[in-house]
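Undergrad: Pasting a structure here, questions to come.
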Amino acid sequence: MKQKNSTPRCMNRTRLILAVVIPALLPLGAMAFFKWLPAPVLKYFLFTKGIMAWTLTEYSIHRWAYHTKKEKANQERDMFNHLYHHTHPGDMLITPWMRLLALAAFGFAIWSLVAGPVLLTYLTGFVAGLAAYSLMHYFLHQPIAATIIPKLVKQHIWHHTKYSNKCFGVCTTFWDRVFKTQPAEFRELPETAIRFYYKHEDAKANDVSKIVRKLCAGRMAA
């Protein structure tokens with residue numbers, strides 16, 4: 001049974017704002033304390049912190065925006081309706097525009113690290129994190145992901161099937177561990193949960209059966 005979110009909406013809004021504002025201020029502090037570093041090192045430092053800041057923003061939006069919003073699970077293919085995505089987990093779309101934006105983001109990141117101004121690399125890392133998230137979310141719903149990153153796939157399946165109030169991270173489980181929204185221990189995935197998660201046209205029956213055997217083979221540590 002799904003648990004109701006009893007946190008006041010104003011508190012959720014405040015947490016969401018802080019999770020966006022604090023990462024936005026991080027580069028100012030980094031520049032103040034680490035400006036003595038050589039420019040290439042400082043660029044790398046800011047770029048990685050930009051990616052990390054995105055993962056916090058990703059977690060916050062998923063937890064305090066998507067899962068406090070009242071939506072109707074209509075039957076139309078609408079990937080901007082998060083409840084629709086929960087009821088149709090295999091109905092993932094990657095449009096040509098999304099591919100183009102991802103390529104542009106990664107190209108911008110390379111330029112920024114090589115020739116761009118130092119402070120811009122933080123924003124570049126943030127944008128690169130956003131592009132990586134879009135691709136990662138799509139990848140998590142593909143059968144091959146169960147072989148390459150089974151831990152993240154298991155977490156995402158649990159989020160779709162049982163723990164809709166937990167397991168909010170997509171690219172990483174780090175913030176789920178920090179905010180204690182990852183269950184202490186995951187039970188073995190039931191076959192019904194896996195088959196529901198991969199219920200879409202691109203997933204062949206034989207592939208899903210292999211995934212069931214793989215993901216049900218052991219427990220997932222927190």
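Here's how to read the names in the structure tokens: chain A, B, ... by the order shown, residue numbers from 1 in each chain, ligand numbers from 1 in the order shown.
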Taking 6 positions as the minimum chain separation for residues in the same chain, which residues sit within 9 Å of Thr181 of chain A when counting only C-alpha atoms? Answer as a list in words.
TA: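 So, after excluding close chain neighbours, the residues are Asn165, Lys166, Cys167, Phe168 and Trp175 of chain A.
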Undergrad: Excluding same-chain residues fewer than 6 positions from Cys171 of chain A, what lies within 12 Å of it counting only C-alpha atoms, as a count of residues only?
TA: 27
Undergrad: Name the closest residue to Leu46 of chain A among the candidates A:Tyr163, A:Phe196, A:Trp158, A:Phe126; distances are taken between atoms, counting only C-alpha atoms.
TA: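 Of the candidates, the smallest distance to Leu46 of chain A is held by A:Phe126.
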Undergrad: So how many Å separate atom CA of Thr147 of chain A and atom CA of Phe174 of chain A, to one decimal?
TA: 20.8 Å
Undergrad: Pick out the closest residue to Leu123 of chain A from this set: A:Asp91, A:Tyr198, A:Pro38, A:Lys49. Count only C-alpha atoms.
TA: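 Among the listed residues, the smallest separation from Leu123 of chain A belongs to A:Lys49.
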Undergrad: Any idea what the distance is between atom CA of Ala53 of chain A and atom CA of Tyr84 of chain A?
TA: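 A separation of 27.3 Å between them.
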Undergrad: Could you please determine the separation between atom CA of Ala145 of chain A and atom CA of Glu191 of chain A in Å, to one decimal place?
TA: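 Taking atom CA of Ala145 of chain A as the start and atom CA of Glu191 of chain A as the end point, the length is 16.9 Å.
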Undergrad: Counting only C-alpha atoms, which residue out of A:Tyr66, A:Trp111, A:Phe106, A:Tyr122 sits closest to Ser164 of chain A?
TA: A:Tyr66
Undergrad: In segment 42-124 of chain A, what's alpha helix (DSSP H) per DSSP? Answer as a ChimeraX atom specification?
TA: /A:42-61,82-87,96-114,120-124
Undergrad: Go ahead and save the residues from that selection, with C-alpha atoms, as an mmCIF file, in the first residue's frame.
TA:
```cif
data_model
loop_
_atom_site.group_PDB
_atom_site.id
_atom_site.type_symbol
_atom_site.label_atom_id
_atom_site.label_comp_id
_atom_site.auth_asym_id
_atom_site.auth_seq_id
_atom_site.Cartn_x
_atom_site.Cartn_y
_atom_site.Cartn_z
ATOM 1 C CA LEU A 42 40.019 24.630 -10.513
ATOM 2 C CA LYS A 43 38.058 23.950 -13.704
ATOM 3 C CA TYR A 44 37.976 20.238 -12.995
ATOM 4 C CA PHE A 45 36.967 20.928 -9.378
ATOM 5 C CA LEU A 46 34.102 23.232 -10.397
ATOM 6 C CA PHE A 47 32.953 20.901 -13.186
ATOM 7 C CA THR A 48 32.659 17.897 -10.881
ATOM 8 C CA LYS A 49 30.911 20.004 -8.227
ATOM 9 C CA GLY A 50 28.466 21.179 -10.895
ATOM 10 C CA ILE A 51 27.599 17.568 -11.701
ATOM 11 C CA MET A 52 27.179 16.799 -7.997
ATOM 12 C CA ALA A 53 24.954 19.854 -7.559
ATOM 13 C CA TRP A 54 22.748 18.593 -10.387
ATOM 14 C CA THR A 55 22.303 15.221 -8.672
ATOM 15 C CA LEU A 56 20.997 17.039 -5.576
ATOM 16 C CA THR A 57 18.646 19.117 -7.717
ATOM 17 C CA GLU A 58 17.522 15.964 -9.558
ATOM 18 C CA TYR A 59 16.756 14.223 -6.256
ATOM 19 C CA SER A 60 14.936 17.283 -4.885
ATOM 20 C CA ILE A 61 12.731 17.805 -7.950
ATOM 21 C CA HIS A 82 4.992 11.787 -13.622
ATOM 22 C CA LEU A 83 2.092 9.629 -12.475
ATOM 23 C CA TYR A 84 1.642 8.474 -16.059
ATOM 24 C CA HIS A 85 5.300 7.479 -16.086
ATOM 25 C CA HIS A 86 4.768 5.422 -12.928
ATOM 26 C CA THR A 87 1.831 3.572 -14.441
ATOM 27 C CA PRO A 96 15.727 13.799 -31.856
ATOM 28 C CA TRP A 97 15.623 17.130 -30.010
ATOM 29 C CA MET A 98 16.612 15.426 -26.747
ATOM 30 C CA ARG A 99 19.541 13.721 -28.480
ATOM 31 C CA LEU A 100 20.587 17.035 -30.023
ATOM 32 C CA LEU A 101 20.419 18.855 -26.688
ATOM 33 C CA ALA A 102 22.441 16.099 -24.982
ATOM 34 C CA LEU A 103 25.134 16.278 -27.671
ATOM 35 C CA ALA A 104 25.178 20.083 -27.411
ATOM 36 C CA ALA A 105 25.544 19.878 -23.623
ATOM 37 C CA PHE A 106 28.469 17.464 -23.822
ATOM 38 C CA GLY A 107 30.091 19.502 -26.598
ATOM 39 C CA PHE A 108 29.690 22.658 -24.507
ATOM 40 C CA ALA A 109 31.242 20.836 -21.545
ATOM 41 C CA ILE A 110 34.342 19.879 -23.558
ATOM 42 C CA TRP A 111 34.749 23.439 -24.870
ATOM 43 C CA SER A 112 34.316 24.907 -21.389
ATOM 44 C CA LEU A 113 36.934 22.606 -19.862
ATOM 45 C CA VAL A 114 39.441 23.294 -22.652
ATOM 46 C CA LEU A 120 31.588 28.785 -16.420
ATOM 47 C CA THR A 121 32.753 25.210 -15.840
ATOM 48 C CA TYR A 122 30.478 24.901 -12.783
ATOM 49 C CA LEU A 123 27.412 25.722 -14.889
ATOM 50 C CA THR A 124 28.742 23.414 -17.579
#
```
Undergrad: Considering only C-alpha atoms, return as a list of chain:residue names whatever protein or nucleic-acid residues lie within 12 Å of Leu189 of chain A, sequence-local ones (same chain, fewer than 6 positions apart) excluded.
TA: A:Pro150, A:Lys151, A:Val153, A:Lys154, A:Gln155, A:His156, A:Ile157, A:Trp158, A:His159, A:His160, A:Thr161, A:Lys162, A:Arg195, A:Phe196, A:Tyr197, A:Ile211, A:Val212, A:Arg213, A:Lys214, A:Leu215, A:Cys216, A:Ala217, A:Gly218, A:Arg219, A:Met220
